[in-house]
$ cat upload_8.cif   # mmCIF, N, CA and C atoms; chains and numbers go by the auth columns
data_query
#
loop_
_atom_site.group_PDB
_atom_site.id
_atom_site.type_symbol
_atom_site.label_atom_id
_atom_site.label_comp_id
_atom_site.label_asym_id
_atom_site.label_seq_id
_atom_site.Cartn_x
_atom_site.Cartn_y
_atom_site.Cartn_z
_atom_site.B_iso_or_equiv
_atom_site.auth_seq_id
_atom_site.auth_asym_id
ATOM 1 N N MET A 1 24.690 13.474 10.175 0.00 6 A
ATOM 2 C CA MET A 1 23.917 12.262 9.926 0.00 6 A
ATOM 3 C C MET A 1 24.858 11.069 10.135 0.00 6 A
ATOM 4 N N SER A 2 24.393 10.116 10.875 0.00 7 A
ATOM 5 C CA SER A 2 25.221 8.954 11.198 0.00 7 A
ATOM 6 C C SER A 2 25.193 7.933 10.050 0.00 7 A
ATOM 7 N N PRO A 3 26.169 7.016 10.042 0.00 8 A
ATOM 8 C CA PRO A 3 26.137 5.949 9.034 0.00 8 A
ATOM 9 C C PRO A 3 24.836 5.148 9.079 0.00 8 A
ATOM 10 N N ALA A 4 24.314 4.914 10.274 0.00 9 A
ATOM 11 C CA ALA A 4 23.046 4.166 10.386 0.00 9 A
ATOM 12 C C ALA A 4 21.900 4.945 9.738 0.00 9 A
ATOM 13 N N ASP A 5 21.907 6.269 9.901 0.00 10 A
ATOM 14 C CA ASP A 5 20.872 7.097 9.268 0.00 10 A
ATOM 15 C C ASP A 5 20.982 7.030 7.746 0.00 10 A
ATOM 16 N N LEU A 6 22.202 7.111 7.234 0.00 11 A
ATOM 17 C CA LEU A 6 22.409 7.035 5.785 0.00 11 A
ATOM 18 C C LEU A 6 21.943 5.696 5.229 0.00 11 A
ATOM 19 N N LYS A 7 22.291 4.637 5.941 0.00 12 A
ATOM 20 C CA LYS A 7 21.866 3.297 5.515 0.00 12 A
ATOM 21 C C LYS A 7 20.342 3.217 5.481 0.00 12 A
ATOM 22 N N ARG A 8 19.697 3.675 6.536 0.00 13 A
ATOM 23 C CA ARG A 8 18.237 3.626 6.628 0.00 13 A
ATOM 24 C C ARG A 8 17.596 4.419 5.488 0.00 13 A
ATOM 25 N N LEU A 9 18.126 5.620 5.222 0.00 14 A
ATOM 26 C CA LEU A 9 17.569 6.447 4.152 0.00 14 A
ATOM 27 C C LEU A 9 17.758 5.800 2.783 0.00 14 A
ATOM 28 N N ASN A 10 18.911 5.190 2.556 0.00 15 A
ATOM 29 C CA ASN A 10 19.144 4.499 1.281 0.00 15 A
ATOM 30 C C ASN A 10 18.167 3.344 1.107 0.00 15 A
ATOM 31 N N ILE A 11 17.982 2.570 2.156 0.00 16 A
ATOM 32 C CA ILE A 11 17.060 1.437 2.078 0.00 16 A
ATOM 33 C C ILE A 11 15.634 1.921 1.832 0.00 16 A
ATOM 34 N N GLU A 12 15.223 2.962 2.547 0.00 17 A
ATOM 35 C CA GLU A 12 13.885 3.515 2.333 0.00 17 A
ATOM 36 C C GLU A 12 13.710 4.006 0.900 0.00 17 A
ATOM 37 N N HIS A 13 14.747 4.625 0.355 0.00 18 A
ATOM 38 C CA HIS A 13 14.681 5.095 -1.031 0.00 18 A
ATOM 39 C C HIS A 13 14.484 3.921 -1.988 0.00 18 A
ATOM 40 N N PHE A 14 15.312 2.887 -1.844 0.00 19 A
ATOM 41 C CA PHE A 14 15.199 1.724 -2.724 0.00 19 A
ATOM 42 C C PHE A 14 13.840 1.048 -2.579 0.00 19 A
ATOM 43 N N GLU A 15 13.302 0.995 -1.369 0.00 20 A
ATOM 44 C CA GLU A 15 11.985 0.401 -1.167 0.00 20 A
ATOM 45 C C GLU A 15 10.898 1.215 -1.868 0.00 20 A
ATOM 46 N N ARG A 16 11.016 2.545 -1.833 0.00 21 A
ATOM 47 C CA ARG A 16 10.036 3.387 -2.552 0.00 21 A
ATOM 48 C C ARG A 16 10.131 3.163 -4.057 0.00 21 A
ATOM 49 N N VAL A 17 11.349 3.081 -4.572 0.00 22 A
ATOM 50 C CA VAL A 17 11.528 2.826 -6.010 0.00 22 A
ATOM 51 C C VAL A 17 10.939 1.473 -6.366 0.00 22 A
ATOM 52 N N LEU A 18 11.164 0.490 -5.514 0.00 23 A
ATOM 53 C CA LEU A 18 10.658 -0.857 -5.766 0.00 23 A
ATOM 54 C C LEU A 18 9.130 -0.876 -5.860 0.00 23 A
ATOM 55 N N THR A 19 8.455 -0.074 -5.036 0.00 24 A
ATOM 56 C CA THR A 19 6.992 -0.086 -5.052 0.00 24 A
ATOM 57 C C THR A 19 6.411 0.457 -6.354 0.00 24 A
ATOM 58 N N ARG A 20 7.148 1.300 -7.048 0.00 25 A
ATOM 59 C CA ARG A 20 6.593 1.862 -8.287 0.00 25 A
ATOM 60 C C ARG A 20 7.225 1.288 -9.559 0.00 25 A
ATOM 61 N N THR A 21 8.029 0.237 -9.402 0.00 26 A
ATOM 62 C CA THR A 21 8.669 -0.407 -10.546 0.00 26 A
ATOM 63 C C THR A 21 7.941 -1.704 -10.862 0.00 26 A
ATOM 64 N N THR A 22 7.599 -1.888 -12.134 0.00 27 A
ATOM 65 C CA THR A 22 6.864 -3.091 -12.521 0.00 27 A
ATOM 66 C C THR A 22 7.706 -4.076 -13.330 0.00 27 A
ATOM 67 N N ASP A 23 8.777 -3.609 -13.938 0.00 28 A
ATOM 68 C CA ASP A 23 9.637 -4.483 -14.736 0.00 28 A
ATOM 69 C C ASP A 23 10.324 -5.507 -13.823 0.00 28 A
ATOM 70 N N VAL A 24 10.204 -6.776 -14.171 0.00 29 A
ATOM 71 C CA VAL A 24 10.709 -7.859 -13.335 0.00 29 A
ATOM 72 C C VAL A 24 12.226 -7.770 -13.158 0.00 29 A
ATOM 73 N N ALA A 25 12.955 -7.528 -14.233 0.00 30 A
ATOM 74 C CA ALA A 25 14.415 -7.448 -14.150 0.00 30 A
ATOM 75 C C ALA A 25 14.847 -6.249 -13.305 0.00 30 A
ATOM 76 N N GLU A 26 14.159 -5.139 -13.481 0.00 31 A
ATOM 77 C CA GLU A 26 14.478 -3.934 -12.706 0.00 31 A
ATOM 78 C C GLU A 26 14.165 -4.146 -11.224 0.00 31 A
ATOM 79 N N ARG A 27 13.067 -4.816 -10.940 0.00 32 A
ATOM 80 C CA ARG A 27 12.709 -5.103 -9.545 0.00 32 A
ATOM 81 C C ARG A 27 13.761 -6.001 -8.894 0.00 32 A
ATOM 82 N N ALA A 28 14.256 -6.975 -9.631 0.00 33 A
ATOM 83 C CA ALA A 28 15.287 -7.869 -9.103 0.00 33 A
ATOM 84 C C ALA A 28 16.564 -7.090 -8.794 0.00 33 A
ATOM 85 N N LYS A 29 16.904 -6.166 -9.667 0.00 34 A
ATOM 86 C CA LYS A 29 18.104 -5.348 -9.452 0.00 34 A
ATOM 87 C C LYS A 29 17.943 -4.474 -8.208 0.00 34 A
ATOM 88 N N ILE A 30 16.803 -3.869 -8.058 0.00 35 A
ATOM 89 C CA ILE A 30 16.555 -3.005 -6.898 0.00 35 A
ATOM 90 C C ILE A 30 16.542 -3.834 -5.615 0.00 35 A
ATOM 91 N N ALA A 31 15.957 -5.016 -5.676 0.00 36 A
ATOM 92 C CA ALA A 31 15.944 -5.898 -4.501 0.00 36 A
ATOM 93 C C ALA A 31 17.369 -6.270 -4.102 0.00 36 A
ATOM 94 N N ARG A 32 18.241 -6.489 -5.095 0.00 37 A
ATOM 95 C CA ARG A 32 19.655 -6.766 -4.789 0.00 37 A
ATOM 96 C C ARG A 32 20.312 -5.564 -4.132 0.00 37 A
ATOM 97 N N PHE A 33 19.973 -4.361 -4.597 0.00 38 A
ATOM 98 C CA PHE A 33 20.519 -3.149 -3.977 0.00 38 A
ATOM 99 C C PHE A 33 20.137 -3.084 -2.498 0.00 38 A
ATOM 100 N N ILE A 34 18.909 -3.449 -2.189 0.00 39 A
ATOM 101 C CA ILE A 34 18.452 -3.425 -0.796 0.00 39 A
ATOM 102 C C ILE A 34 19.256 -4.425 0.033 0.00 39 A
ATOM 103 N N VAL A 35 19.430 -5.628 -0.485 0.00 40 A
ATOM 104 C CA VAL A 35 20.200 -6.653 0.235 0.00 40 A
ATOM 105 C C VAL A 35 21.644 -6.182 0.434 0.00 40 A
ATOM 106 N N GLU A 36 22.238 -5.605 -0.607 0.00 41 A
ATOM 107 C CA GLU A 36 23.607 -5.106 -0.495 0.00 41 A
ATOM 108 C C GLU A 36 23.710 -3.986 0.526 0.00 41 A
ATOM 109 N N GLU A 37 22.735 -3.112 0.529 0.00 42 A
ATOM 110 C CA GLU A 37 22.732 -1.992 1.475 0.00 42 A
ATOM 111 C C GLU A 37 22.622 -2.504 2.909 0.00 42 A
ATOM 112 N N LEU A 38 21.780 -3.487 3.124 0.00 43 A
ATOM 113 C CA LEU A 38 21.627 -4.074 4.454 0.00 43 A
ATOM 114 C C LEU A 38 22.924 -4.727 4.933 0.00 43 A
ATOM 115 N N ALA A 39 23.705 -5.262 4.004 0.00 44 A
ATOM 116 C CA ALA A 39 24.939 -5.970 4.360 0.00 44 A
ATOM 117 C C ALA A 39 26.136 -5.040 4.553 0.00 44 A
ATOM 118 N N LYS A 40 26.036 -3.802 4.106 0.00 45 A
ATOM 119 C CA LYS A 40 27.173 -2.873 4.203 0.00 45 A
ATOM 120 C C LYS A 40 27.506 -2.551 5.656 0.00 45 A
ATOM 121 N N PRO A 41 28.796 -2.543 5.973 0.00 46 A
ATOM 122 C CA PRO A 41 29.191 -2.115 7.323 0.00 46 A
ATOM 123 C C PRO A 41 29.129 -0.586 7.427 0.00 46 A
ATOM 124 N N ASP A 42 29.048 -0.093 8.639 0.00 47 A
ATOM 125 C CA ASP A 42 28.979 1.360 8.842 0.00 47 A
ATOM 126 C C ASP A 42 30.182 2.086 8.237 0.00 47 A
ATOM 127 N N ARG A 43 31.325 1.437 8.197 0.00 48 A
ATOM 128 C CA ARG A 43 32.522 2.105 7.667 0.00 48 A
ATOM 129 C C ARG A 43 32.431 2.362 6.156 0.00 48 A
ATOM 130 N N ALA A 44 31.434 1.805 5.500 0.00 49 A
ATOM 131 C CA ALA A 44 31.238 2.030 4.071 0.00 49 A
ATOM 132 C C ALA A 44 30.650 3.414 3.785 0.00 49 A
ATOM 133 N N TYR A 45 30.223 4.097 4.831 0.00 50 A
ATOM 134 C CA TYR A 45 29.597 5.404 4.689 0.00 50 A
ATOM 135 C C TYR A 45 30.559 6.487 5.183 0.00 50 A
ATOM 136 N N PRO A 46 30.473 7.670 4.623 0.00 51 A
ATOM 137 C CA PRO A 46 31.357 8.750 5.077 0.00 51 A
ATOM 138 C C PRO A 46 31.069 9.128 6.538 0.00 51 A
ATOM 139 N N ALA A 47 32.115 9.488 7.225 0.00 52 A
ATOM 140 C CA ALA A 47 31.954 9.909 8.610 0.00 52 A
ATOM 141 C C ALA A 47 31.303 11.296 8.661 0.00 52 A
ATOM 142 N N HIS A 48 30.571 11.535 9.703 0.00 53 A
ATOM 143 C CA HIS A 48 29.929 12.839 9.886 0.00 53 A
ATOM 144 C C HIS A 48 30.990 13.903 10.133 0.00 53 A
ATOM 145 N N ARG A 49 30.872 14.991 9.418 0.00 54 A
ATOM 146 C CA ARG A 49 31.790 16.108 9.618 0.00 54 A
ATOM 147 C C ARG A 49 30.991 17.323 10.026 0.00 54 A
ATOM 148 N N PRO A 50 31.380 17.953 11.150 0.00 55 A
ATOM 149 C CA PRO A 50 30.620 19.131 11.616 0.00 55 A
ATOM 150 C C PRO A 50 30.725 20.314 10.674 0.00 55 A
#

$ encode --input "upload_8.cif" --output "structure tokens"
Amino acid sequence: MSPADLKRLNIEHFERVLTRTTDVAERAKIARFIVEELAKPDRAYPAHRP
């Protein structure tokens, strides 16, 4: 799995959590996680090992 795949999966996960969260503070925290994930460089993810 490539770093781009990991990033995409993390963002999709956070977006799913966001859709079922109603607490305002929790939603803000999850939204920050999404922004942080989008800003991460590929080197922040482990390299693929065969």

$ atom_distance --input "upload_8.cif" --atom1 "CA of Ile16 in chain A" --atom2 "CA of Ile39 in chain A"
5.8 Å

$ residues_around --input "upload_8.cif" --residues "Arg32 in chain A" --least-positions-apart "6" --cutoff "9 Å" --atoms "only C-alpha atoms" --output "list in words"
Val22, Leu23, Thr24 and Thr26 of chain A

$ select_by_dssp --input "upload_8.cif" --residues "chain A" --states "helix (DSSP H, G or I)" --output "PyMOL selection string"
chain A and resi 8-24+29-44+47-49

$ resolve_selection --input "upload_8.cif" --expression "the PyMOL selection byres ((chain A and resi 9-15) around 8)" --output "list in words"
Met6, Ser7, Pro8, Ile16, Glu17, His18, Phe19, Glu20, Arg21, Phe38, Ile39, Glu42, Leu43, Pro46, Asp47 and Tyr50 of chain A

$ axis_aligned_box --input "upload_8.cif" --around "range 38-48 of chain A" --padding-each-side "8 Å" --output "AutoDock Vina command-line options"
--center_x 25.5 --center_y -2.1 --center_z 2.1 --size_x 30.1 --size_y 25.0 --size_z 29.4

$ atom_distance --input "upload_8.cif" --atom1 "atom N of Pro51 in chain A" --atom2 "atom C of Ala33 in chain A"
24.3 Å

$ atom_distance --input "upload_8.cif" --atom1 "atom N of Ala49 in chain A" --atom2 "CA of Lys34 in chain A"
21.3 Å
